[in-house]
Structure formats: structure tokens, C-alpha cells
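Visitor: I am attaching a structure below and will ask some questions about it afterwards.
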Amino acid sequence: MKYLPLIFRNVMRNKIRTLFTGASIAVSLFLVVTLHSLLASQDEIMERTKVHDRVAVLHEAGLAGRIPIAYVDRIRKVPGVVCATPMSWFGGNYREEKVQFPQFATDPKEIFNVYEEYTIPADQLKAWQADKSGCVVGSVIARNKGWNVGDKIALQGNIYPVNVEFVVRGIYDGPSTANKEWLLFNFEYLDDKLKKENHEARAGNAGIIMLRAASADAIPAVMQTIENSFASSDAPVKPMTEQQFAQSFTEMMGNVRGFIRYTSMAVVAALLCVAANTMAMSLRERTREIALLKAIGFSQSTVLGLFLSEAVLIGLLGGVLGALGGKLLFASVDLSKVAPGLGLFFIPWKTALGGLALSAAIGFFSGVVPSWRAARMSVVSGLRKVV
Amino acid sequence: MAGLYSRAIPARRQIFTASYRDGLLAVHQSPSRKLAAVVPIKYNIRSVFARKVGSLMTIFGVGMVVWASIFAFGLSAGLDKTLKVAADPLDVIVMRKGSTSESVSAVSDEVANIVKELPGIATDREGRKLAASELVIFGYLPRRGKTTKVNVTVRGVVPVSRDLRESLHIVEGRDFKPGLREAIVSRTMSERFEGLGLGDEFVLRGGSFRVVGIFEAGGGAVESEIWTDQTVLAQLVDRTGAMSSMQLRAASKTDQEKLIERIKNDEQIDLNALTEEQYFKEQADQSSLMKIVGGMIAFFLTIGAMFSVANTMYGTIASRAREIGTLRALGFGRTSVLSAFLLESLVLCLLGAVLGCLGALALGDLRTGTMNAATFSEIVFAFDFGPKILLKGAMLAILMGLIGGFMPALRAVRMKVVDSLREV
Amino acid sequence: MEPKLDQQSDAVVQLVNVSKEFTRDKIHIPVLTNTTLHIPRGDFVAVMGPSGSGKSTLLNLCAGLDRPTTGQVIVNGQDLNELSEARLSKWRSENLGFIFQMYNLMPVLTALENVELPLMLTPLSRAERRQHAEASLKIVGLEDRSDHYPRQLSGGQEQRVAIARALANDPVLLLADEPTGNLDARSAEEILELLQSLNEQFGTTIIMVTHDPKAARRAKRLLHLEKGTFVHADIEALEAVR
């Protein structure tokens, strides 16, 4: 510890170099941490929402399959199920926008029981339940699109051959893990509309059924019962936990996880190279000083420790800037404006701290060879060395 | 003393001196010849190689960055390319108004028959119109080695569909027989999905299909599809009276415009028509997340690398202060010294670029699949490591070299000659 | 002594009332005060004096590497104050030759290429440059070492390459800063012999800063600097050293 001032002075000796090494580590770590968070933030949300004991019931043929709406009532009666709601993806186009946002036809009486952590003012919920052609929207999407209670939203059907129009009756909110980019409307409204416009065949599709179980222990039995009871029907179903359901989406992205890993490895390797190079340059310039340190009695291990600490400190400087800075940045910037669907993106603490540890490791390993050489250097030749 | 003297100065010195002086006199007195005061390139190149380990580290670092960037570019470019390889620029896709992809579209047989009779549709040698109603549904299959399933596109086709995709040819096995639950799949799909190997069976909406043939289609979206007989598929999913979409080929570019115009505006038809190119372009736009991520990787890595290149060059310049001072004392101007060190940083980065490009090429024919954001179904594509992408990576390296090298080079120039000469 | 500003005069170097101050941390440090100097063509001047007496500054001023605070520096008829930084670079390449204490050879270039370096600044063709460089190496007696890199040469040989480099562009004035400071006695002798013979045979004007009285003795004249002013009459001082 008593060497700390010396180490610190050495770090600050060549400010530009330290700054640049730090900056290059910071920028690259920011990238690595961000890429990882693309996946890790999903996992973390899942981990945190686990307490809500939700199960998604899908058609055996996946999202494209059709689940009769009557299943909802049958599922509600399964022992261990607290509440259940259909969530039928409408997939309508809003104005001329190319990118769709999530719109679900659902049960206004049950949806906020299933998503118990979501919040909505009681009067707004009541208003929505009372108005069949009403909808509620998430706080994030409402802010981004500038919607307020009372506004009208028209959507052009894409999957369904009908166009719809809603009045915003409420704006829901929720904890950080809540998806606040949804538009929710009454399932019956869609059903009526389809029947009225002679698309009888398309009506009555629950899409998926989301249910909340009484407890985590009840989930396996609930899933088993549901799977069995529809097994021999026209539309067999596949229940999965909310976590598995989300994972299947990540899975659909394909080998992205692998690519992120490759890229990160390349970045870390590149960083190691440049950081080691900088450290080597820095120590080469100090050959005579190092020799002097040893001449006045510093042991090899002290010299080694001195320079390794210096390297780690520089690495950490980059790590603090890149990993923690990245965390702060994403915590204060609303990404849903830039890219819809990224509203839930954040850098989990685990990833940020992992990045910090990585930066320290980069610093450490970059310093190993140069510091070792410095520690092993002969005092005599070091003192004599001119350039 | 005399001995030393005569050894040092050769006997021919007077003759030599005369010609030598004359020559130089001519040099200084010929203002018409423009001076090219450039520090010799070999000085910089050799300097790069003189610091073997240091240069190698920097080159390797830049190389990794270029490699990762090319990887990211190659990913999004490959996806783009696959979606944009249209069978024919004259092809038109007809869907229900408002549908953004075939799978959610519906076109009734009634209307389809009207469309088929529209003027301007190309015909084949036997006089058949090149227009086909097709049924597109999603299968739900597991990737090889994975348990979770993803959506895959299954296309129920008619004989004309084949004429509309000339590039599709069966490379293994045989074609499916009409009326049977048989299917042909692309080679890439066959490799990536459980149950899609030649002779295997897979389950689709409760029906079991046998894979009887493997096809290739020269890249493009068709390579992410499973093809089967339309009648069989329609029966299975209980679709009557309407298929998903229509595929047709116009006789000419003008016919194509007219056709699209007509299909969109004719009240009897009232469908949406767009060129195949446009259709895939819109899908590619929706898959832009890949592009954003790729661009982000390249952007941040390049900036990070710029700092390290700058660092290396600062180090280089600091340790060669005396050399720089000497160059300036000898009369090399600021511009020549500046360009010399910029050049040196460029050489470093270009070597890195070569390394990165070679690394990318070593990956070879890399294929992967992801979710098509427009259809939520699997799309298989090959990374694009074409010359354009490699050049893009190399441009990044040049950028790193120029921007990373500029400040240090500027410092080299700004150094006071007097001080740098004294530097040890 | 009234300084002559005649551009036609035989003086290679004229310093007229030159003062030079350095400012470090807001403190003004005078290095040269009101110095006037006249060095005729073909002269060989040794400049001596304790550290900080302004020897190197004098040399730098003559080379146009530094500008005086006040006064004029005229070299070969050219007032250096009149030249821009860029023109000075070009002017140096045409008029000056440098010899440094640390030789300052480019470690990555061979002896011949080092000598060729200043010739890159002339419009000479590649072949001509090579010819000139070889000739210069021959003058210093190192023609058989032309392909050697500096690290493969001894200190004395390195300094001779440096001299060859200084000669390559046929300079009007040769500036030497402690040319023997880093050499053993024997090598130093050789270098001094070489400088002396260059002065005698080619009439090259040389200004040499040195600490070494033995080196100073080789010069025709001695200037002794103390606290920024010349303190001794030249010839007497030279005699005194002897």
C-alpha cells in the first residue's frame, strides 16, 4: 500500500498514453459489455419475473398455430391456475411505420391479474373494461408516440383482414422488467369485428394463453395437466414457463450468442495486444529508472508487483469508464426511441462488474511479460543503457 | 598523422571534388526542377520492422479489429444479400393489402384467376402463363442439436412455381410426387434442421412428410424454404378457396409497372402487388437490428483501435525524437516529416488489414440462420466476405492509420528541433 | 568593432548584436547577451565554455534551428530572420552540414543510405544521389562499409558516416556539436584529423562546439564563451590551451 503513490505517479507520468490506453480499453469494453447485455438483460428480466409464476400456453405448432378461445375458460378451471388471459398478436400497421410494435387482443378483466406487477390507475382500468373499443398502452410507447388518454389509434390489419380503431382509455406502467411497449385491447372487439366482416373462420383464435399459477411449486403439475387435457383435441398445446417462452425467441435469433462470443474474444485479444504493447513501451523507456530501483535495493518481486499494479490500474481505468460508464449511459438514455423493442435493454450489474473484472485481467496480463522482463533485468546493463 | 590523413582522403579527391561540386552547383541553381522533399519510404517501412514485437502487437491488434468488423459486416451483408437475391427482376408478388409478408396474406382463388388473365404476364414455351398461387405456412421444427423449435417456411407449390425459380434444381434425391406427403428441402435447411435429412420424416401440422429431395437455388430466400405439393398442403391445413399469395412474372419492365398499377387499383382485384426486389428489400429493412449491431461493433472497435494506433505512434515518435530532429536539421520540411509518420502508421494498419482480411477469408463459406424479423421464420444465409466487405474492413484500417497517426505525427512535426536533438 | 552588414563580405557567419533569452516557468534566462561575431570563409572555429554558457545556443542560432530574441544572424549572406520555417528547412538542406555528439544516424538505414538522406532533398536522380553518397563515404574512408547498419559500426565509424552525411550536399558551413564527446581518444583523434583536413583541403568553414581542449587545439581559432559573452581574444586563448 505504501507504494500506491509511486504507482499512481507512474500511471500519470505519461498522461496521453494512459488516457489513450484507458480510452481504447474503455471503448472496446463498452462494446463487449453492451453486446453481452443484449442477451444478459433478457436473462436477467426472466430471472426477476420468475417470482410471478407465469406459464405461456402455445399451440403445439408454435406461434402460427390456432388455439380456440374456449380453451381459456378450460384452463382457468385447472387446479393451481389463478388466472389466465388470451394474448392474441394482432400485428397491425400503425400509419406508414414499417416496424410494428406489439399489439395484443386480450381479456381486460384478467390481463393485469396475470401481469400482477404491472400498474394502472383504477379509474383508467375501469374505463377500459367498460369500453369494448378502448385500449390501454404502455407508458414507454405512449411517450414515444405521444399518445394520451382519449387519443384515437387506428391500426391496419396485417395478419387479420380487418382494420381497427381504438380510443386510449389508460396508460399502464410497471417495474423496470415490465414491457411498457404494448398496446392491449379487448379480445371481444376483434372477434366481433371479424364476424361482422365475414371472416368467421379467423375469429376465436386466442393466440397464446398466458396464465399465472398459484405458486412456483404448482407450475409443473399445471403444465402437465394442461398438456394432457388437450393432447387428443384438434389443437394440442404446449405449455412453457414464461422463461422458456422468452428463451425460444432468443433461440430464434439463431447463433447470435455465438457471434457475440467470437467478436468479444477478438476484441479482448486485440486489447491484450495493444495494452501489452503500451506497457512494454512504457517500461522500456524507464529501463534506467528500473535499474536504479533495483540498485537501491528493491527486490525482484517488489519491482514485478509495482509494474503489474500499474498495468492493472490502467486496465481498471478503462474498465470503470467503459463498463460502469456504459451502465450509467444506458440507465439514463431511453433506447426505445432509437430502436423499438429495445425499451427493456439495460446493462445488468453482473455484466458490468464482469466487464470491470475483465479490464483488470487485461491490465494484468498485458503487464506480465514487460514487468517480468523489467524485474529480471540486470542492474548493470540497465544503468548503462542509454536509449 | 600524414598516414591517417592520406587514408581518410583518397588521392583522387581533387578530380572528384571538382565534378562533385559542379554537380551540386547545378542542383542548387536549377529552380525549374521541383524539389520532392520526401523522407524515403524505406526509412518508415524499415522502422516498422525494426521494432518487431511492438509493431507485431499493433498489427495483430488492428488485424483482430478488422477481422471482427469484417465478421460483423459480412453477417449483415450476407443477410441482406440473401433477401435481395431475387429470382428475376420482372417478378411480382401479389398479397392482400396490408400484409407485409406472404405467410399472413390471403388471395382467394377467384381473384387469383382474374389476375392470371391480366395482360402483360409472361408465358413459357408451351404458352402457359407464368403466374402461380402459392400457399405459405410455417412449420415448427427444432434446429439440429437443439430442443427448442423455430418457425420454418413451407411453400405449397404448383408446377409453374418451378418455372418462376429457374435457379432451383434438385441436387440429391428426386422431386416430390403430386398427391403424396413428400417434400424437397434446400441443402442449407437440410443441414440445419432435425428431420430434414434426405429420407427423414418431419411432422407438419400433425401430418408426417418425407424428405425425398435436396435442392439448391443459388442463394436467396428460397434456400430457407421447404417445398411440397400445394394440394396436399392445403388439405392438411384445411385451406380452401384461398392461397397465401401469388407469384408472377411480367413480360417486360413496362408491363410490370402496368400490372402492379392494375392489381392495386382494380376494384375487382383490390390486392397489393410489388416487385420481388421491393418485397425483400422491405424484409431486409425490418431485419435492421443485425445491421445496427454490426455497425456498432465496427464503429466502436475502430475508435478503440484508433487510440491504440495513436499510442503506438506516440511511443514510436517519442523514442525516435532524435531521429526526427536530425531529419528536420538536415532540411526535411514539416510536411515531409508529417507525411512520413502518417505513412508509417498507415503501413502498420494496412499490414493489420491484410491480417484481418486473411483471417476472415479463412472462415471460408460460413453459413448460419436467424429469424427473419418480418416473418418470424428462419432465414438461412451465408456470410458475405466479398471484395466489397473486405475493402470496407481495409478502409477502417486506413481510417485508424490516418486518424490514429495524425496527432502523433503532428507532435513529431511540432517538436522543437533543438529539444528533440538533445533527447536521449 | 563596428560590424559590417555588407552582404558581399567574405563572412560566412555574421552575428550582429544577438541576444537570446529563454523563458522557463516565467523566469527569463539570458543565454547570449548582445553578441557580435564574424566568421570568415574557410575558418575553423572552436567554441568552448562551461555548461550553460550558450555554446549550443550559438550553434543553433547559426543553423536557424532557433531564432534570436534580438539581433541578426546572417549566414552566407542570408539574414535568417527573413526566412519562414519552411524556407529555413530548404535553406538548411542547401547550406549546412551537421555533426552531432550522438552521431544521430538513422538506425534502420545503412551507412550509404544515411549519407544519401540529405540528397533526397535535392532533385538529383537516384543514380546521382548514390554516386554522391559513395563519394562522400570515400572521403571519410568508409567506402567498404557502405552496406553496414549503424549498429554494426564502431562509434568512430558512426561519426565518420555522420560526417560523410554532413558533406554530401557540399555545405557552406559545417556545424559540429561535441563531435568527439562520445568517442575514445583514438577515434576522437581520427575524427579531428578528418575535420581539419576537410577545412584545409576543401576550405570548408567549420564551427565546432567542444569541451575538449585537445579538440579545440585543432581549430584555427578559439572562442571562449562565459555567461553569454566571449571573454578571450581568440589566438591568445588557443595559445593558452596549447
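Letters A, B, ... mark the chains of the C-alpha cells in the order given; residue numbers begin at 1 per chain; ligand numbers begin at 1, in order shown.
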Would you please extract all helix (DSSP H, G or I) residues from chain C, as assigned by DSSP on the backbone, and give them as a PyMOL selection string?
Guide: chain C and resi 55-63+80-82+85-95+111-121+126-139+143-145+150-152+155-167+185-202+213-218+234-241
Visitor: Any chance you can output those residues with C-alpha atoms as an mmCIF file, in the first residue's frame?
Guide:
data_model
loop_
_atom_site.group_PDB
_atom_site.id
_atom_site.type_symbol
_atom_site.label_atom_id
_atom_site.label_comp_id
_atom_site.auth_asym_id
_atom_site.auth_seq_id
_atom_site.Cartn_x
_atom_site.Cartn_y
_atom_site.Cartn_z
ATOM 1 C CA LYS C 55 27.633 27.306 -26.841
ATOM 2 C CA SER C 56 24.842 25.133 -28.137
ATOM 3 C CA THR C 57 22.568 28.133 -28.454
ATOM 4 C CA LEU C 58 25.159 29.826 -30.599
ATOM 5 C CA LEU C 59 25.291 26.787 -32.839
ATOM 6 C CA ASN C 60 21.522 26.517 -33.047
ATOM 7 C CA LEU C 61 21.232 30.158 -33.998
ATOM 8 C CA CYS C 62 23.775 29.711 -36.796
ATOM 9 C CA ALA C 63 21.782 26.734 -38.022
ATOM 10 C CA LEU C 80 17.886 34.034 -41.248
ATOM 11 C CA ASN C 81 15.195 36.231 -39.703
ATOM 12 C CA GLU C 82 13.787 36.770 -43.149
ATOM 13 C CA GLU C 85 10.074 27.975 -41.109
ATOM 14 C CA ALA C 86 9.548 26.120 -44.368
ATOM 15 C CA ARG C 87 12.137 28.151 -46.258
ATOM 16 C CA LEU C 88 14.582 27.595 -43.431
ATOM 17 C CA SER C 89 14.249 23.842 -43.873
ATOM 18 C CA LYS C 90 15.104 24.134 -47.517
ATOM 19 C CA TRP C 91 17.880 26.611 -46.803
ATOM 20 C CA ARG C 92 19.460 24.241 -44.283
ATOM 21 C CA SER C 93 19.408 21.395 -46.768
ATOM 22 C CA GLU C 94 21.350 23.534 -49.240
ATOM 23 C CA ASN C 95 23.818 25.286 -46.989
ATOM 24 C CA ALA C 111 25.669 3.818 -43.930
ATOM 25 C CA LEU C 112 25.224 4.654 -47.596
ATOM 26 C CA GLU C 113 21.518 5.342 -47.196
ATOM 27 C CA ASN C 114 22.218 7.593 -44.235
ATOM 28 C CA VAL C 115 24.622 9.620 -46.330
ATOM 29 C CA GLU C 116 22.111 9.698 -49.139
ATOM 30 C CA LEU C 117 19.396 11.069 -46.870
ATOM 31 C CA PRO C 118 20.099 14.811 -47.257
ATOM 32 C CA LEU C 119 20.439 14.306 -51.007
ATOM 33 C CA MET C 120 16.797 13.244 -51.087
ATOM 34 C CA LEU C 121 16.100 16.931 -50.720
ATOM 35 C CA ARG C 126 18.723 8.104 -57.918
ATOM 36 C CA ALA C 127 21.973 7.240 -59.621
ATOM 37 C CA GLU C 128 23.460 10.661 -58.977
ATOM 38 C CA ARG C 129 22.488 10.507 -55.342
ATOM 39 C CA ARG C 130 24.144 7.164 -54.989
ATOM 40 C CA GLN C 131 27.267 8.444 -56.710
ATOM 41 C CA HIS C 132 27.462 11.468 -54.425
ATOM 42 C CA ALA C 133 26.862 9.394 -51.327
ATOM 43 C CA GLU C 134 29.557 6.923 -52.328
ATOM 44 C CA ALA C 135 31.952 9.764 -52.966
ATOM 45 C CA SER C 136 31.248 11.236 -49.543
ATOM 46 C CA LEU C 137 31.797 7.886 -47.870
ATOM 47 C CA LYS C 138 35.077 7.635 -49.750
ATOM 48 C CA ILE C 139 36.170 10.994 -48.354
ATOM 49 C CA GLU C 143 33.550 3.108 -48.790
ATOM 50 C CA ASP C 144 33.898 -0.542 -47.795
ATOM 51 C CA ARG C 145 31.281 -0.157 -45.069
ATOM 52 C CA PRO C 150 24.946 1.866 -37.721
ATOM 53 C CA ARG C 151 24.804 -0.825 -35.036
ATOM 54 C CA GLN C 152 27.393 -2.794 -36.984
ATOM 55 C CA GLY C 155 31.483 4.802 -32.544
ATOM 56 C CA GLY C 156 34.284 6.371 -34.540
ATOM 57 C CA GLN C 157 32.982 4.851 -37.748
ATOM 58 C CA GLU C 158 29.457 6.038 -36.987
ATOM 59 C CA GLN C 159 30.730 9.551 -36.521
ATOM 60 C CA ARG C 160 32.591 9.343 -39.809
ATOM 61 C CA VAL C 161 29.385 8.286 -41.540
ATOM 62 C CA ALA C 162 27.727 11.275 -39.911
ATOM 63 C CA ILE C 163 30.485 13.499 -41.312
ATOM 64 C CA ALA C 164 30.012 11.982 -44.740
ATOM 65 C CA ARG C 165 26.317 12.743 -44.443
ATOM 66 C CA ALA C 166 27.152 16.340 -43.493
ATOM 67 C CA LEU C 167 29.401 16.651 -46.530
ATOM 68 C CA ALA C 185 40.746 9.117 -27.527
ATOM 69 C CA ARG C 186 41.925 7.279 -30.621
ATOM 70 C CA SER C 187 38.669 7.618 -32.522
ATOM 71 C CA ALA C 188 38.434 11.240 -31.444
ATOM 72 C CA GLU C 189 41.856 11.866 -32.952
ATOM 73 C CA GLU C 190 40.748 10.376 -36.257
ATOM 74 C CA ILE C 191 37.621 12.495 -36.371
ATOM 75 C CA LEU C 192 39.547 15.664 -35.615
ATOM 76 C CA GLU C 193 42.111 14.812 -38.286
ATOM 77 C CA LEU C 194 39.282 14.411 -40.713
ATOM 78 C CA LEU C 195 37.655 17.731 -39.811
ATOM 79 C CA GLN C 196 40.956 19.520 -40.000
ATOM 80 C CA SER C 197 41.777 18.096 -43.374
ATOM 81 C CA LEU C 198 38.322 18.950 -44.686
ATOM 82 C CA ASN C 199 38.946 22.518 -43.612
ATOM 83 C CA GLU C 200 42.406 22.617 -45.188
ATOM 84 C CA GLN C 201 41.723 20.680 -48.366
ATOM 85 C CA PHE C 202 38.231 21.837 -49.267
ATOM 86 C CA PRO C 213 40.939 21.274 -25.187
ATOM 87 C CA LYS C 214 42.624 18.732 -27.447
ATOM 88 C CA ALA C 215 39.856 19.140 -29.935
ATOM 89 C CA ALA C 216 39.947 22.911 -29.651
ATOM 90 C CA ARG C 217 43.632 22.875 -30.487
ATOM 91 C CA ARG C 218 42.870 21.558 -33.969
ATOM 92 C CA ASP C 234 40.896 34.043 -29.875
ATOM 93 C CA ILE C 235 44.518 33.463 -30.658
ATOM 94 C CA GLU C 236 45.756 34.001 -27.171
ATOM 95 C CA ALA C 237 43.276 31.561 -25.809
ATOM 96 C CA LEU C 238 44.306 28.974 -28.323
ATOM 97 C CA GLU C 239 47.891 29.536 -27.384
ATOM 98 C CA ALA C 240 46.965 29.311 -23.729
ATOM 99 C CA VAL C 241 45.429 25.927 -24.242
#
Visitor: Env of stretch 356-371 of chain B: 10 Å cut, atoms = only C-alpha atoms, seq-sep filter 5 positions within chain, self excluded. Answer as a VMD selection string.
Guide: (chain A and resid 249 to 256) or (chain B and resid 59 to 71 74 to 75 78 to 79 143 150 to 152 188 to 189 192 224 287 290 350 to 351 376 to 387 389 to 391 393 to 394 397)
Visitor: May I ask which of the residues B:Leu330, B:Ala409, B:Met95, B:Ala131 is the closest one to B:Lys264, counting only C-alpha atoms?
Guide: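 Closest residue, counting only C-alpha atoms: B:Met95.
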Visitor: What are the DSSP strand (DSSP E or B) residues of stretch 12-73 of chain A, as a PyMOL selection string?
Guide: chain A and resi 54-59+62+68
Visitor: Could you please determine the separation between atom CA of A:Pro161 and atom CA of A:Gly92 in Å, to one decimal place?
Guide: 9.8 Å
Visitor: Taking into account only C-alpha atoms, which residue in the set A:Leu283, A:Ala142, A:Ala40, A:Ala352 is nearest to chain B?
Guide: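 The closest residue to chain B is A:Leu283.
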Visitor: Could you give me, as JSON lines, a per-residue list for chain A showing, wherever an atom lies at most 7 Å from an atom of chain B, the closest pair of atoms and their distance in Å to one decimal, using only C-alpha atoms and sorting by chain then residue number from low to high?
Guide:
{"residue": "A:Arg17", "atom": "CA", "partner": "B:Asn311", "partner_atom": "CA", "distance": 5.9}
{"residue": "A:Phe20", "atom": "CA", "partner": "B:Phe307", "partner_atom": "CA", "distance": 5.3}
{"residue": "A:Thr21", "atom": "CA", "partner": "B:Ser308", "partner_atom": "CA", "distance": 6.4}
{"residue": "A:Ala23", "atom": "CA", "partner": "B:Phe307", "partner_atom": "CA", "distance": 6.8}
{"residue": "A:Ser24", "atom": "CA", "partner": "B:Gly304", "partner_atom": "CA", "distance": 4.1}
{"residue": "A:Ile25", "atom": "CA", "partner": "B:Gly304", "partner_atom": "CA", "distance": 6.9}
{"residue": "A:Val27", "atom": "CA", "partner": "B:Gly304", "partner_atom": "CA", "distance": 5.4}
{"residue": "A:Ser28", "atom": "CA", "partner": "B:Gly304", "partner_atom": "CA", "distance": 5.8}
{"residue": "A:Leu31", "atom": "CA", "partner": "B:Phe300", "partner_atom": "CA", "distance": 6.5}
{"residue": "A:Ala61", "atom": "CA", "partner": "B:Tyr140", "partner_atom": "CA", "distance": 5.6}
{"residue": "A:Gly62", "atom": "CA", "partner": "B:Tyr140", "partner_atom": "CA", "distance": 6.0}
{"residue": "A:Ala64", "atom": "CA", "partner": "B:Phe138", "partner_atom": "CA", "distance": 6.5}
{"residue": "A:Val99", "atom": "CA", "partner": "B:Gln286", "partner_atom": "CA", "distance": 6.5}
{"residue": "A:Gln156", "atom": "CA", "partner": "B:Gly98", "partner_atom": "CA", "distance": 6.5}
{"residue": "A:Gly157", "atom": "CA", "partner": "B:Gly98", "partner_atom": "CA", "distance": 6.3}
{"residue": "A:Asn158", "atom": "CA", "partner": "B:Ser99", "partner_atom": "CA", "distance": 4.6}
{"residue": "A:Ile159", "atom": "CA", "partner": "B:Val104", "partner_atom": "CA", "distance": 4.9}
{"residue": "A:Ser248", "atom": "CA", "partner": "B:Thr148", "partner_atom": "CA", "distance": 6.2}
{"residue": "A:Met252", "atom": "CA", "partner": "B:Met371", "partner_atom": "CA", "distance": 5.4}
{"residue": "A:Met253", "atom": "CA", "partner": "B:Thr370", "partner_atom": "CA", "distance": 4.7}
{"residue": "A:Gly254", "atom": "CA", "partner": "B:Thr370", "partner_atom": "CA", "distance": 4.5}
{"residue": "A:Thr263", "atom": "CA", "partner": "B:Ala68", "partner_atom": "CA", "distance": 5.6}
{"residue": "A:Ala266", "atom": "CA", "partner": "B:Met64", "partner_atom": "CA", "distance": 5.7}
{"residue": "A:Val267", "atom": "CA", "partner": "B:Val65", "partner_atom": "CA", "distance": 6.6}
{"residue": "A:Ala270", "atom": "CA", "partner": "B:Gly61", "partner_atom": "CA", "distance": 4.1}
{"residue": "A:Leu271", "atom": "CA", "partner": "B:Gly61", "partner_atom": "CA", "distance": 6.7}
{"residue": "A:Cys273", "atom": "CA", "partner": "B:Met57", "partner_atom": "CA", "distance": 5.1}
{"residue": "A:Val274", "atom": "CA", "partner": "B:Thr58", "partner_atom": "CA", "distance": 5.9}
{"residue": "A:Asn277", "atom": "CA", "partner": "B:Gly54", "partner_atom": "CA", "distance": 5.7}
{"residue": "A:Thr278", "atom": "CA", "partner": "B:Thr312", "partner_atom": "CA", "distance": 6.9}
{"residue": "A:Met281", "atom": "CA", "partner": "B:Gly315", "partner_atom": "CA", "distance": 6.5}
{"residue": "A:Val386", "atom": "CA", "partner": "B:Val424", "partner_atom": "CA", "distance": 7.0}
{"residue": "A:Val387", "atom": "CA", "partner": "B:Val424", "partner_atom": "CA", "distance": 6.1}
